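**Student:** One file: target.cif (mmCIF, C-alpha atoms and all ligand atoms).
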```cif
data_coords
#
loop_
_atom_site.label_atom_id
_atom_site.label_comp_id
_atom_site.auth_asym_id
_atom_site.auth_seq_id
_atom_site.Cartn_x
_atom_site.Cartn_y
_atom_site.Cartn_z
CA MET M 1 -33.77 -16.29 -6.81
CA SER M 2 -31.45 -19.19 -6.09
CA ALA M 3 -29.34 -21.07 -8.61
CA ILE M 4 -26.69 -23.75 -8.79
CA LEU M 5 -23.57 -22.61 -10.63
CA THR M 6 -20.16 -23.99 -11.52
CA ILE M 7 -17.29 -21.57 -11.01
CA ALA M 8 -14.99 -21.23 -14.00
CA ARG M 9 -12.28 -18.84 -12.78
CA LEU M 10 -11.31 -16.11 -10.34
CA GLY M 11 -11.79 -12.43 -11.11
CA ALA M 12 -9.52 -9.50 -10.30
CA GLN M 13 -11.34 -8.82 -7.00
CA GLY M 14 -11.10 -12.48 -5.97
CA ASP M 15 -14.70 -13.38 -6.78
CA GLY M 16 -15.43 -16.74 -8.38
CA ILE M 17 -16.93 -16.24 -11.85
CA ALA M 18 -19.55 -18.55 -13.35
CA ASP M 19 -20.33 -18.27 -17.06
CA THR M 20 -24.09 -18.42 -17.57
CA PRO M 21 -26.37 -17.84 -20.58
CA ARG M 22 -27.12 -14.41 -19.01
CA GLY M 23 -23.42 -13.55 -18.84
CA PRO M 24 -20.79 -13.89 -16.12
CA VAL M 25 -22.02 -14.08 -12.53
CA PHE M 26 -19.64 -13.02 -9.74
CA VAL M 27 -19.75 -15.12 -6.57
CA PRO M 28 -17.57 -13.86 -3.69
CA PHE M 29 -15.79 -16.63 -1.72
CA ALA M 30 -16.32 -19.31 -4.39
CA LEU M 31 -13.39 -21.06 -6.09
CA PRO M 32 -12.76 -22.42 -9.60
CA GLY M 33 -14.20 -25.89 -10.14
CA GLU M 34 -16.71 -25.56 -7.30
CA ARG M 35 -20.43 -26.22 -7.64
CA VAL M 36 -22.19 -23.67 -5.50
CA ASN M 37 -25.70 -22.82 -4.44
CA VAL M 38 -26.20 -19.04 -4.71
CA ALA M 39 -28.81 -16.35 -4.21
CA LEU M 40 -28.73 -14.27 -7.40
CA GLY M 41 -28.53 -10.49 -7.04
CA ALA M 42 -28.39 -7.73 -9.62
CA LYS M 43 -24.63 -7.75 -10.14
CA LYS M 44 -23.34 -10.40 -7.78
CA ALA M 45 -24.58 -13.61 -6.25
CA ASP M 46 -24.34 -14.48 -2.57
CA LEU M 47 -22.80 -17.82 -1.79
CA VAL M 48 -25.39 -19.90 0.09
CA SER M 49 -23.52 -23.21 0.23
CA VAL M 50 -20.68 -25.05 -1.49
CA LEU M 51 -22.03 -28.28 -2.98
CA GLU M 52 -18.72 -29.56 -4.33
CA ALA M 53 -15.66 -27.94 -2.78
CA SER M 54 -12.37 -27.27 -4.55
CA PRO M 55 -9.37 -29.24 -3.24
CA ARG M 56 -7.73 -25.82 -2.94
CA ARG M 57 -10.26 -24.58 -0.39
CA VAL M 58 -8.78 -24.05 3.09
CA GLU M 59 -10.03 -22.87 6.48
CA PRO M 60 -9.83 -19.08 6.71
CA ALA M 61 -7.38 -17.64 9.24
CA CYS M 62 -9.81 -15.16 10.79
CA ARG M 63 -13.23 -15.44 12.43
CA HIS M 64 -14.38 -12.25 10.68
CA PHE M 65 -13.61 -13.52 7.17
CA THR M 66 -16.51 -13.04 4.69
CA VAL M 67 -18.12 -10.42 6.96
CA CYS M 68 -15.21 -7.95 7.22
CA GLY M 69 -14.39 -6.31 3.90
CA GLY M 70 -10.63 -6.23 4.57
CA CYS M 71 -9.80 -9.67 3.15
CA ALA M 72 -11.14 -11.43 0.06
CA MET M 73 -9.00 -14.56 -0.29
CA GLN M 74 -8.37 -16.41 2.97
CA HIS M 75 -10.22 -19.48 1.65
CA LEU M 76 -7.69 -20.33 -1.08
CA ASP M 77 -4.52 -22.35 -0.38
CA GLY M 78 -1.15 -20.61 -0.47
CA ASP M 79 0.18 -21.75 -3.88
CA ALA M 80 -3.06 -21.11 -5.73
CA TYR M 81 -3.41 -17.77 -3.95
CA ARG M 82 0.09 -16.72 -5.03
CA ASP M 83 -0.66 -17.81 -8.63
CA TRP M 84 -3.81 -15.68 -8.61
CA LYS M 85 -1.92 -12.67 -7.22
CA ARG M 86 0.86 -12.99 -9.79
CA GLY M 87 -1.81 -13.42 -12.47
CA LEU M 88 -3.26 -9.98 -11.67
CA LEU M 89 0.03 -8.41 -12.71
CA VAL M 90 0.57 -10.74 -15.69
CA GLU M 91 -2.89 -9.86 -17.00
CA ALA M 92 -2.41 -6.09 -16.54
CA LEU M 93 0.89 -6.24 -18.46
CA ARG M 94 -0.54 -8.49 -21.17
CA ALA M 95 -3.42 -6.06 -21.71
CA LYS M 96 -0.82 -3.39 -22.56
CA GLY M 97 1.15 -5.78 -24.80
CA ILE M 98 4.14 -5.87 -22.42
CA ASP M 99 6.24 -9.01 -22.66
CA VAL M 100 8.48 -9.24 -19.58
CA GLU M 101 9.55 -11.81 -17.02
CA VAL M 102 7.22 -11.66 -14.01
CA ALA M 103 8.99 -13.08 -10.96
CA PRO M 104 7.25 -15.25 -8.34
CA PRO M 105 5.59 -12.95 -5.78
CA VAL M 106 7.50 -11.82 -2.71
CA SER M 107 5.24 -13.10 0.08
CA CYS M 108 4.46 -11.26 3.29
CA PRO M 109 3.54 -13.52 6.20
CA PRO M 110 0.46 -13.06 8.39
CA HIS M 111 0.98 -10.76 11.41
CA SER M 112 3.33 -8.47 9.47
CA ARG M 113 1.28 -5.39 8.65
CA ARG M 114 2.44 -2.44 10.76
CA ARG M 115 -0.11 0.08 9.57
CA ALA M 116 -3.88 -0.03 9.24
CA ALA M 117 -6.66 2.40 8.39
CA PHE M 118 -9.56 1.47 10.65
CA THR M 119 -13.05 2.89 10.54
CA ALA M 120 -14.54 3.89 13.90
CA ARG M 121 -17.84 5.29 15.16
CA ARG M 122 -19.22 6.20 18.55
CA THR M 123 -22.42 4.41 19.51
CA GLU M 124 -24.69 4.84 22.54
CA ARG M 125 -22.96 2.05 24.47
CA ALA M 126 -19.35 2.09 23.24
CA ALA M 127 -17.37 2.67 20.07
CA LEU M 128 -17.06 0.42 17.03
CA LEU M 129 -13.61 -0.09 15.54
CA GLY M 130 -12.79 -2.25 12.57
CA PHE M 131 -13.10 -2.31 8.82
CA ASN M 132 -16.07 -1.69 6.57
CA ALA M 133 -18.02 -4.69 5.36
CA ALA M 134 -17.48 -5.35 1.64
CA LEU M 135 -19.12 -2.66 -0.56
CA SER M 136 -20.79 -1.15 2.51
CA HIS M 137 -20.44 1.60 5.11
CA ARG M 138 -21.32 -0.84 7.89
CA ILE M 139 -18.44 -1.17 10.36
CA VAL M 140 -17.44 -4.69 11.31
CA ASP M 141 -16.24 -4.40 14.91
CA ILE M 142 -13.20 -6.69 14.86
CA GLU M 143 -11.78 -8.70 17.73
CA GLU M 144 -8.84 -10.11 15.82
CA CYS M 145 -6.94 -9.47 12.60
CA PRO M 146 -4.28 -11.99 11.54
CA VAL M 147 -2.88 -9.53 9.00
CA LEU M 148 -1.69 -7.03 11.64
CA VAL M 149 1.55 -7.19 13.63
CA PRO M 150 0.79 -8.59 17.10
CA GLN M 151 1.39 -5.20 18.77
CA LEU M 152 -1.32 -3.62 16.63
CA ALA M 153 -3.77 -6.53 16.95
CA ALA M 154 -3.32 -6.57 20.73
CA ALA M 155 -4.06 -2.83 20.86
CA LEU M 156 -7.55 -3.16 19.31
CA PRO M 157 -9.44 -2.82 22.66
CA LEU M 158 -7.28 0.18 23.61
CA LEU M 159 -7.80 1.84 20.23
CA ARG M 160 -11.55 1.25 20.50
CA ARG M 161 -11.58 3.10 23.82
CA LEU M 162 -9.51 5.91 22.38
CA ALA M 163 -11.88 6.14 19.40
CA GLY M 164 -14.77 6.53 21.86
CA LEU M 165 -12.93 9.35 23.64
CA ILE M 166 -12.09 11.38 20.54
CA ALA M 167 -15.34 10.88 18.57
CA ARG M 168 -17.19 14.19 18.82
CA THR M 169 -20.06 13.18 16.52
CA GLY M 170 -21.93 9.98 15.76
CA ASP M 171 -20.42 9.83 12.26
CA ALA M 172 -17.93 7.23 11.12
CA PHE M 173 -14.32 8.41 10.95
CA ARG M 174 -10.93 7.08 9.93
CA LEU M 175 -8.36 6.01 12.49
CA GLY M 176 -4.97 5.43 10.88
CA VAL M 177 -2.65 3.55 13.23
CA THR M 178 1.02 2.67 12.76
CA HIS M 179 3.13 0.51 15.01
CA THR M 180 6.46 2.35 15.29
CA ALA M 181 9.65 1.76 17.27
CA SER M 182 8.48 4.29 19.88
CA GLY M 183 4.85 3.15 20.19
CA LEU M 184 1.57 3.57 18.34
CA ASP M 185 1.15 6.58 16.07
CA VAL M 186 -2.59 7.31 15.87
CA ALA M 187 -4.00 9.71 13.26
CA ALA M 188 -7.76 10.38 13.35
CA GLU M 189 -9.55 12.05 10.46
CA GLY M 190 -13.13 13.30 10.58
CA SER M 191 -13.76 12.59 14.28
CA GLY M 192 -14.80 16.21 15.00
CA ARG M 193 -13.18 19.06 16.95
CA LEU M 194 -11.40 17.74 20.02
CA GLU M 195 -11.61 20.42 22.71
CA GLY M 196 -12.02 21.00 26.44
CA ARG M 197 -12.57 18.01 28.70
CA ALA M 198 -12.72 15.49 25.86
CA ARG M 199 -9.31 16.65 24.66
CA GLN M 200 -7.88 16.45 28.17
CA ALA M 201 -9.31 12.96 28.62
CA ALA M 202 -7.77 11.81 25.31
CA ILE M 203 -4.39 13.28 26.30
CA GLU M 204 -4.44 11.55 29.69
CA PHE M 205 -5.47 8.28 28.04
CA CYS M 206 -2.56 8.45 25.56
CA ILE M 207 -0.04 9.19 28.31
CA ALA M 208 -1.37 6.44 30.58
CA ASN M 209 -1.32 3.86 27.75
CA GLY M 210 2.06 4.66 26.18
CA ILE M 211 0.70 5.96 22.86
CA ALA M 212 3.50 7.78 21.03
CA ARG M 213 1.32 10.35 19.25
CA LEU M 214 -2.29 11.28 18.70
CA SER M 215 -3.23 13.64 15.89
CA VAL M 216 -6.66 14.74 14.70
CA ASP M 217 -7.06 16.03 11.14
CA GLY M 218 -3.28 16.57 10.93
CA GLU M 219 -3.00 18.55 14.20
CA ILE M 220 -0.86 16.91 16.89
CA VAL M 221 -2.94 16.60 20.08
CA ILE M 222 -0.19 14.95 22.10
CA GLU M 223 3.18 13.45 21.27
CA PRO M 224 4.82 12.01 24.38
CA ARG M 225 7.41 10.31 22.12
CA LYS M 226 8.25 11.10 18.49
CA PRO M 227 7.12 8.13 16.37
CA ALA M 228 10.27 6.59 14.87
CA VAL M 229 10.39 4.41 11.79
CA MET M 230 13.63 2.74 10.71
CA VAL M 231 14.39 3.20 7.02
CA GLY M 232 17.31 0.80 6.65
CA ALA M 233 19.69 2.07 9.34
CA VAL M 234 18.22 5.60 9.46
CA ALA M 235 15.53 6.63 11.96
CA VAL M 236 12.81 8.81 10.44
CA SER M 237 10.05 10.62 12.32
CA PRO M 238 7.15 10.91 9.85
CA PRO M 239 4.59 13.72 10.17
CA PRO M 240 1.01 12.69 11.05
CA GLY M 241 -0.61 10.78 8.20
CA ALA M 242 2.52 10.55 6.01
CA PHE M 243 2.70 7.62 3.63
CA LEU M 244 4.48 4.53 4.92
CA GLN M 245 4.79 1.14 3.22
CA ALA M 246 2.32 -1.12 5.05
CA VAL M 247 4.68 -4.04 5.70
CA GLY M 248 8.32 -3.63 6.76
CA GLU M 249 9.41 -6.89 5.05
CA ALA M 250 7.76 -5.77 1.79
CA GLU M 251 9.55 -2.44 1.99
CA ASP M 252 12.90 -4.20 2.54
CA ALA M 253 12.31 -6.47 -0.47
CA MET M 254 11.32 -3.56 -2.73
CA ALA M 255 14.24 -1.44 -1.57
CA ALA M 256 16.67 -4.32 -2.17
CA ALA M 257 15.35 -4.82 -5.72
CA VAL M 258 15.58 -1.09 -6.46
CA ALA M 259 19.07 -0.73 -4.93
CA GLY M 260 20.34 -3.78 -6.83
CA HIS M 261 19.09 -2.39 -10.12
CA LEU M 262 20.50 1.10 -9.50
CA ALA M 263 23.82 -0.18 -8.10
CA ARG M 264 25.80 1.17 -11.06
CA ALA M 265 24.15 4.60 -11.00
CA LYS M 266 26.17 7.35 -9.32
CA ARG M 267 23.53 10.10 -9.29
CA VAL M 268 20.01 8.98 -8.60
CA ALA M 269 16.60 10.67 -8.51
CA ASP M 270 13.91 9.38 -6.13
CA LEU M 271 10.57 10.69 -7.43
CA PHE M 272 7.50 10.57 -5.13
CA ALA M 273 10.10 10.02 -2.42
CA GLY M 274 7.85 10.07 0.68
CA ILE M 275 9.88 9.88 3.90
CA GLY M 276 12.88 8.54 1.97
CA THR M 277 12.13 4.82 1.83
CA PHE M 278 14.36 4.48 -1.22
CA ALA M 279 16.42 7.69 -1.02
CA LEU M 280 17.85 7.01 2.44
CA ARG M 281 18.93 3.52 1.44
CA LEU M 282 20.27 4.51 -1.99
CA ALA M 283 22.31 7.30 -0.34
CA ARG M 284 24.62 4.66 1.12
CA ASP M 285 26.21 4.36 -2.35
CA SER M 286 24.93 7.21 -4.55
CA GLU M 287 24.10 10.88 -4.41
CA VAL M 288 20.31 11.21 -4.32
CA HIS M 289 17.88 13.95 -5.28
CA ALA M 290 14.53 13.29 -3.55
CA VAL M 291 11.39 14.90 -4.99
CA GLU M 292 8.07 14.82 -3.15
CA GLY M 293 4.87 16.86 -3.16
CA ASP M 294 4.18 16.98 0.58
CA ALA M 295 6.31 19.54 2.44
CA ALA M 296 6.10 17.96 5.91
CA THR M 297 6.98 14.52 4.56
CA LEU M 298 9.96 15.95 2.68
CA ALA M 299 11.12 17.82 5.80
CA ALA M 300 11.12 14.51 7.71
CA LEU M 301 13.30 12.95 5.01
CA ASP M 302 15.66 15.92 5.09
CA ARG M 303 15.98 15.83 8.90
CA ALA M 304 16.57 12.07 8.92
CA HIS M 305 19.29 12.37 6.30
CA ARG M 306 21.20 14.91 8.37
CA PHE M 307 21.35 12.43 11.26
CA GLY M 308 22.07 9.38 9.06
CA ALA M 309 25.74 8.42 9.47
CA GLY M 310 27.86 7.63 6.40
CA LEU M 311 25.33 8.70 3.77
CA LYS M 312 26.24 10.47 0.55
CA LYS M 313 24.71 13.82 -0.36
CA VAL M 314 20.89 13.94 -0.42
CA THR M 315 19.12 16.99 -1.83
CA VAL M 316 15.36 17.51 -1.55
CA GLU M 317 12.83 19.31 -3.73
CA LYS M 318 9.14 19.95 -3.10
CA ARG M 319 7.38 19.64 -6.41
CA ASP M 320 4.03 18.54 -7.80
CA LEU M 321 5.14 15.83 -10.21
CA PHE M 322 1.71 15.51 -11.80
CA VAL M 323 1.71 19.16 -12.82
CA ARG M 324 5.45 19.73 -13.17
CA PRO M 325 7.27 16.45 -13.77
CA LEU M 326 11.06 16.52 -13.99
CA THR M 327 11.70 17.16 -17.67
CA TYR M 328 13.84 14.89 -19.78
CA LYS M 329 16.41 17.70 -20.01
CA GLU M 330 16.59 17.98 -16.23
CA LEU M 331 16.87 14.21 -15.96
CA ASP M 332 19.61 13.95 -18.58
CA ALA M 333 21.58 16.80 -17.02
CA SER M 334 21.81 15.24 -13.58
CA PHE M 335 21.02 11.53 -13.29
CA ASP M 336 22.03 8.10 -14.51
CA GLY M 337 19.44 6.25 -12.43
CA LEU M 338 16.00 6.89 -10.95
CA VAL M 339 13.19 5.31 -9.01
CA PHE M 340 9.60 6.53 -9.12
CA ASP M 341 6.83 5.38 -6.76
CA PRO M 342 3.62 7.32 -7.37
CA PRO M 343 0.19 6.98 -5.74
CA ARG M 344 -2.41 4.63 -7.27
CA ALA M 345 -3.10 7.02 -10.16
CA GLY M 346 0.41 6.34 -11.46
CA ALA M 347 2.80 8.86 -13.00
CA GLU M 348 1.77 9.33 -16.61
CA ALA M 349 3.18 12.83 -17.07
CA GLN M 350 6.46 11.90 -15.37
CA ALA M 351 6.71 8.65 -17.35
CA ARG M 352 6.44 10.64 -20.60
CA GLN M 353 9.48 12.71 -19.58
CA ILE M 354 11.47 9.69 -18.43
CA ALA M 355 10.66 7.99 -21.74
CA ARG M 356 12.35 10.85 -23.62
CA SER M 357 15.39 10.87 -21.33
CA GLN M 358 18.64 8.95 -21.55
CA VAL M 359 18.66 7.96 -17.87
CA ARG M 360 20.00 4.44 -18.08
CA PHE M 361 18.58 2.62 -15.05
CA VAL M 362 14.94 3.09 -14.05
CA ALA M 363 12.95 1.35 -11.31
CA ALA M 364 9.16 1.81 -11.17
CA VAL M 365 7.36 0.96 -7.93
CA SER M 366 3.57 0.82 -7.86
CA CYS M 367 0.57 -0.31 -5.82
CA ASN M 368 -1.64 -0.47 -8.90
CA PRO M 369 -0.85 -2.99 -11.67
CA LEU M 370 -3.12 -1.15 -14.14
CA THR M 371 -1.42 2.25 -13.93
CA LEU M 372 1.98 0.56 -13.67
CA ALA M 373 1.32 -1.24 -16.96
CA ARG M 374 0.22 2.03 -18.57
CA ASP M 375 3.37 3.84 -17.38
CA LEU M 376 5.65 0.95 -18.39
CA ALA M 377 4.13 0.97 -21.89
CA ILE M 378 5.08 4.66 -22.17
CA LEU M 379 8.66 3.91 -21.11
CA ILE M 380 8.95 0.95 -23.48
CA ASP M 381 7.64 3.11 -26.36
CA GLY M 382 10.44 5.53 -25.47
CA GLY M 383 13.11 2.85 -25.92
CA TYR M 384 13.35 1.29 -22.44
CA VAL M 385 13.69 -2.45 -22.09
CA ALA M 386 11.75 -4.01 -19.20
CA LYS M 387 14.07 -6.54 -17.56
CA GLN M 388 11.85 -7.91 -14.83
CA VAL M 389 8.72 -7.14 -12.85
CA ILE M 390 8.51 -8.38 -9.25
CA PRO M 391 5.09 -8.71 -7.58
CA VAL M 392 5.18 -7.95 -3.86
CA ASP M 393 2.21 -9.28 -1.89
CA GLN M 394 2.14 -6.43 0.58
CA PHE M 395 -1.66 -6.53 0.98
CA LEU M 396 -2.15 -10.09 2.13
CA TRP M 397 -5.46 -11.82 1.23
CA SER M 398 -6.74 -8.70 -0.55
CA PRO M 399 -6.96 -8.02 -4.30
CA HIS M 400 -4.32 -5.28 -3.98
CA LEU M 401 -0.78 -5.85 -5.19
CA GLU M 402 2.48 -3.94 -5.07
CA ALA M 403 5.12 -4.38 -7.79
CA VAL M 404 8.61 -3.26 -8.74
CA ALA M 405 9.59 -3.02 -12.41
CA LEU M 406 13.22 -2.79 -13.49
CA LEU M 407 14.05 -1.14 -16.83
CA GLU M 408 17.14 -0.11 -18.71
CA LYS M 409 17.68 2.11 -21.73
CA PRO M 410 20.30 0.64 -24.07
CA ARG M 411 23.08 3.09 -24.86
CA LYS M 412 22.83 4.78 -28.27
CA ARG M 413 25.36 3.43 -30.77
CA ARG M 414 27.65 6.10 -32.18
C1 LIG M 501 3.15 5.55 -2.86
S1 LIG M 501 3.82 6.85 -1.92
C2 LIG M 501 5.53 6.43 -2.01
C3 LIG M 501 6.42 7.11 -1.02
C4 LIG M 501 7.81 6.48 -0.84
N1 LIG M 501 8.45 6.24 -2.10
C5 LIG M 501 7.74 5.22 -0.02
O1 LIG M 501 7.99 4.14 -0.55
O2 LIG M 501 7.44 5.30 1.18
C6 LIG M 501 3.62 8.20 -3.00
C7 LIG M 501 4.19 9.49 -2.52
O3 LIG M 501 3.93 10.47 -3.54
C8 LIG M 501 3.57 11.70 -2.95
N2 LIG M 501 2.76 12.41 -3.94
C9 LIG M 501 1.44 12.26 -4.20
N3 LIG M 501 1.08 13.06 -5.23
C10 LIG M 501 2.19 13.74 -5.61
C11 LIG M 501 2.46 14.71 -6.62
N4 LIG M 501 1.50 15.12 -7.42
N5 LIG M 501 3.72 15.17 -6.74
C12 LIG M 501 4.70 14.73 -5.92
N6 LIG M 501 4.52 13.82 -4.95
C13 LIG M 501 3.27 13.33 -4.79
C14 LIG M 501 2.83 11.32 -1.68
O4 LIG M 501 2.89 12.37 -0.73
C15 LIG M 501 3.60 10.06 -1.24
O5 LIG M 501 4.64 10.39 -0.36
#
```
Is it possible to express this structure as structure tokens?
Ligand SMILES: C[S@@+](CC[C@H](N)C(=O)[O-])C[C@H]1O[C@@H](n2cnc3c(N)ncnc32)[C@H](O)[C@@H]1O

**Tutor:**
Amino acid sequence: MSAILTIARLGAQGDGIADTPRGPVFVPFALPGERVNVALGAKKADLVSVLEASPRRVEPACRHFTVCGGCAMQHLDGDAYRDWKRGLLVEALRAKGIDVEVAPPVSCPPHSRRRAAFTARRTERAALLGFNAALSHRIVDIEECPVLVPQLAAALPLLRRLAGLIARTGDAFRLGVTHTASGLDVAAEGSGRLEGRARQAAIEFCIANGIARLSVDGEIVIEPRKPAVMVGAVAVSPPPGAFLQAVGEAEDAMAAAVAGHLARAKRVADLFAGIGTFALRLARDSEVHAVEGDAATLAALDRAHRFGAGLKKVTVEKRDLFVRPLTYKELDASFDGLVFDPPRAGAEAQARQIARSQVRFVAAVSCNPLTLARDLAILIDGGYVAKQVIPVDQFLWSPHLEAVALLEKPRKRR
């Protein structure tokens, strides 16, 4: 059934929302103030045509926009887009009753994303490589992607051929690719067992095309050159599939905010430390204890630290911080500053321990405004004062947002 609707506002996923007598209707790719002709579905409406366009509507940057599920917001002009992004964080904090200054977002330009998780599948003729269509398992075979660094975008045809070589079934699989200083680091998951002639062909292809490493389900198939990622001035060689911030500029901005806030701390904990994104930078001025759940990732951090010139002492600890968070006693005994950067689920158990501690300077980094707000509320209940929250638009044109929150616990009066 078709209808003509007026869009009132944008939702958290970037959809335009029209208020109707039957409740809100979500219209992807429609903007506030627009009159749109839609085909009504059960939960969403499909945009058929824009009858009156918003002055904020702009030409999308990519030919695949609206078909590829990777981007939701290329049709909104820069200022309004940034307001919407910042609003996602403001709203998440407001919902938890948190009153804090939210800075303007740190922007990441197009062509800056060094890491992507593609979906690939072998077909009878060739292989598909791209991203899933929105809310679908259908692969959109992409020819361009203005989000990716040029080296990664230019490698799409090569990666498609590689995907065809390693696919051992007709099922879709994940191809994680990172542009590193020593070449592309390619990590396939779910492509099937790579053996015999297919394995040999993939190895020869990687060597001939300068690919730094190919791994399948965590096993290194070939590694002509160790993938190297610069963390500040320290070169780190991450294990296959290790977490890496998607955009180098975003990582630099987050690290600068964290380092600035922890500048007066002498002994710092980096919780959910990954390959040492924060630890290896903080170690220029402070002793750092890095805690991380993945052994191979932690080993990479440890190795990098040993080769990093002029760094202070860095100790490492493998620990499941969901199950066994650092207790407030451990925190109080050893640290006057800490940063924590958990996965999307947040760090509720760890936040409860930090809340009880007397660690003075705390920085919280998160890729999920909702769990960040929950964890900040726990810290604030424990006596921390939130000084500032900085949105970092690491996931350009998508509804995802990174943020750094800076907190301090006032000293107890004697
Ligand atoms: C968002 S990443 C941040 C990594 C690093 N701080 C960075 O910026 O690159 C989260 C990290 O937490 C680790 N992790 C996930 N669950 C964990 C757990 N239960 N205990 C400890 N570490 C965990 C992951 O391996 C990953 O390295």

**Student:** I need the residue nearest Leu244 of chain M from this list: M:Lys96, M:Leu338, M:Arg114, M:Ala345. Use only C-alpha atoms for the distance.

**Tutor:** M:Arg114

**Student:** Mind listing the residues within 10 Å of ligand LIG 501 (chain M), all atoms listed in the file counted, as a PyMOL selection string?

**Tutor:** chain M and resi 231+241-246+251+254-255+270-279+290-298+317-325+339-347+350+365-368+402

**Student:** Taking (22.2, 3.4, -19.8) in the file's coordinates, which residues come within 10 Å, counting all atoms listed in the file, written as a list of chain:residue names?

**Tutor:**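 Counting all atoms listed in the file, I find these residues within 10 Å of (22.2, 3.4, -19.8): M:Arg264, M:Ala265, M:Asp336, M:Gly337, M:Gln358, M:Val359, M:Arg360, M:Phe361, M:Val362, M:Tyr384, M:Leu407, M:Glu408, M:Lys409, M:Pro410, M:Arg411, M:Lys412.
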
**Student:** Atoms to include: C-alpha atoms. Write the selected residues as an mmCIF file, in the coordinates of the input.

**Tutor:**
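Once everything was written out, this is result_19.cif:
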```cif
data_model
loop_
_atom_site.group_PDB
_atom_site.id
_atom_site.type_symbol
_atom_site.label_atom_id
_atom_site.label_comp_id
_atom_site.auth_asym_id
_atom_site.auth_seq_id
_atom_site.Cartn_x
_atom_site.Cartn_y
_atom_site.Cartn_z
ATOM 1 C CA ARG M 264 25.800 1.170 -11.060
ATOM 2 C CA ALA M 265 24.150 4.600 -11.000
ATOM 3 C CA ASP M 336 22.030 8.100 -14.510
ATOM 4 C CA GLY M 337 19.440 6.250 -12.430
ATOM 5 C CA GLN M 358 18.640 8.950 -21.550
ATOM 6 C CA VAL M 359 18.660 7.960 -17.870
ATOM 7 C CA ARG M 360 20.000 4.440 -18.080
ATOM 8 C CA PHE M 361 18.580 2.620 -15.050
ATOM 9 C CA VAL M 362 14.940 3.090 -14.050
ATOM 10 C CA TYR M 384 13.350 1.290 -22.440
ATOM 11 C CA LEU M 407 14.050 -1.140 -16.830
ATOM 12 C CA GLU M 408 17.140 -0.110 -18.710
ATOM 13 C CA LYS M 409 17.680 2.110 -21.730
ATOM 14 C CA PRO M 410 20.300 0.640 -24.070
ATOM 15 C CA ARG M 411 23.080 3.090 -24.860
ATOM 16 C CA LYS M 412 22.830 4.780 -28.270
#
```

**Student:** Using all atoms listed in the file, can you tell me which of M:Ile166, M:Leu10, M:Cys68, M:Leu88 comes closest to Ile142 of chain M?

**Tutor:**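 Of the candidates, the smallest distance to Ile142 of chain M is held by M:Cys68.
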
**Student:** Please determine, counting all atoms listed in the file, which residue among M:Pro60, M:Gly70, M:Pro157, M:Ile4 has the shortest atom-to-atom distance to Asp46 of chain M.

**Tutor:**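 Among M:Pro60, M:Gly70, M:Pro157, M:Ile4, it is M:Ile4 that comes nearest to Asp46 of chain M.
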
**Student:** If I take atom CA of Val314 of chain M and atom CA of Val288 of chain M, how far is one from the other in Å, to one decimal?

**Tutor:**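 Rounded to one decimal, the two atoms are 4.8 Å apart.
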
**Student:** Find the residues around segment 170-182 of chain M up to 7 Å (all atoms listed in the file counted), leave out those fewer than 5 positions away in its own chain, and share them as a short mmCIF file (atom, residue, chain, number, x, y, z; two decimals) with C-alpha atoms, keeping the file's coordinate frame.

**Tutor:**
```cif
data_model
loop_
_atom_site.label_atom_id
_atom_site.label_comp_id
_atom_site.auth_asym_id
_atom_site.auth_seq_id
_atom_site.Cartn_x
_atom_site.Cartn_y
_atom_site.Cartn_z
CA ARG M 114 2.44 -2.44 10.76
CA ARG M 115 -0.11 0.08 9.57
CA ALA M 116 -3.88 -0.03 9.24
CA ALA M 117 -6.66 2.40 8.39
CA PHE M 118 -9.56 1.47 10.65
CA THR M 119 -13.05 2.89 10.54
CA ALA M 120 -14.54 3.89 13.90
CA ARG M 121 -17.84 5.29 15.16
CA ARG M 122 -19.22 6.20 18.55
CA THR M 123 -22.42 4.41 19.51
CA LEU M 152 -1.32 -3.62 16.63
CA ALA M 187 -4.00 9.71 13.26
CA ALA M 188 -7.76 10.38 13.35
CA GLU M 189 -9.55 12.05 10.46
CA GLY M 190 -13.13 13.30 10.58
CA SER M 191 -13.76 12.59 14.28
CA ALA M 212 3.50 7.78 21.03
CA ARG M 225 7.41 10.31 22.12
CA LYS M 226 8.25 11.10 18.49
CA PRO M 227 7.12 8.13 16.37
CA ALA M 228 10.27 6.59 14.87
CA VAL M 229 10.39 4.41 11.79
#
```

**Student:** What is the atom CA of Glu219 of chain M to atom CA of Cys145 of chain M distance in Å?

**Tutor:**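 Between atom CA of Glu219 of chain M and atom CA of Cys145 of chain M the gap is 28.3 Å.
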
**Student:** Choose the residue, out of M:Glu249, M:Asp375, M:Asp141, M:Asp19, that has the smallest atom-to-atom separation from Pro109 of chain M; count all atoms listed in the file.

**Tutor:**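 Between M:Glu249, M:Asp375, M:Asp141, M:Asp19, the residue approaching Pro109 of chain M most closely is M:Glu249.
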
**Student:** At a cut-off of 6 Å, using only C-alpha atoms, what residues contact Leu148 of chain M? Leave out same-chain residues fewer than 4 positions from it and give the result as an MDAnalysis selection string.

**Tutor:** chainID M and resid 111:113 153

**Student:** Put those residues in a file: C-alpha atoms, as a PDB file, in the coordinates of the input.

**Tutor:**
```pdb
ATOM      1  CA  HIS M 111       0.980 -10.760  11.410  1.00  0.00           C
ATOM      2  CA  SER M 112       3.330  -8.470   9.470  1.00  0.00           C
ATOM      3  CA  ARG M 113       1.280  -5.390   8.650  1.00  0.00           C
ATOM      4  CA  ALA M 153      -3.770  -6.530  16.950  1.00  0.00           C
TER       5      ALA M 153
END
```
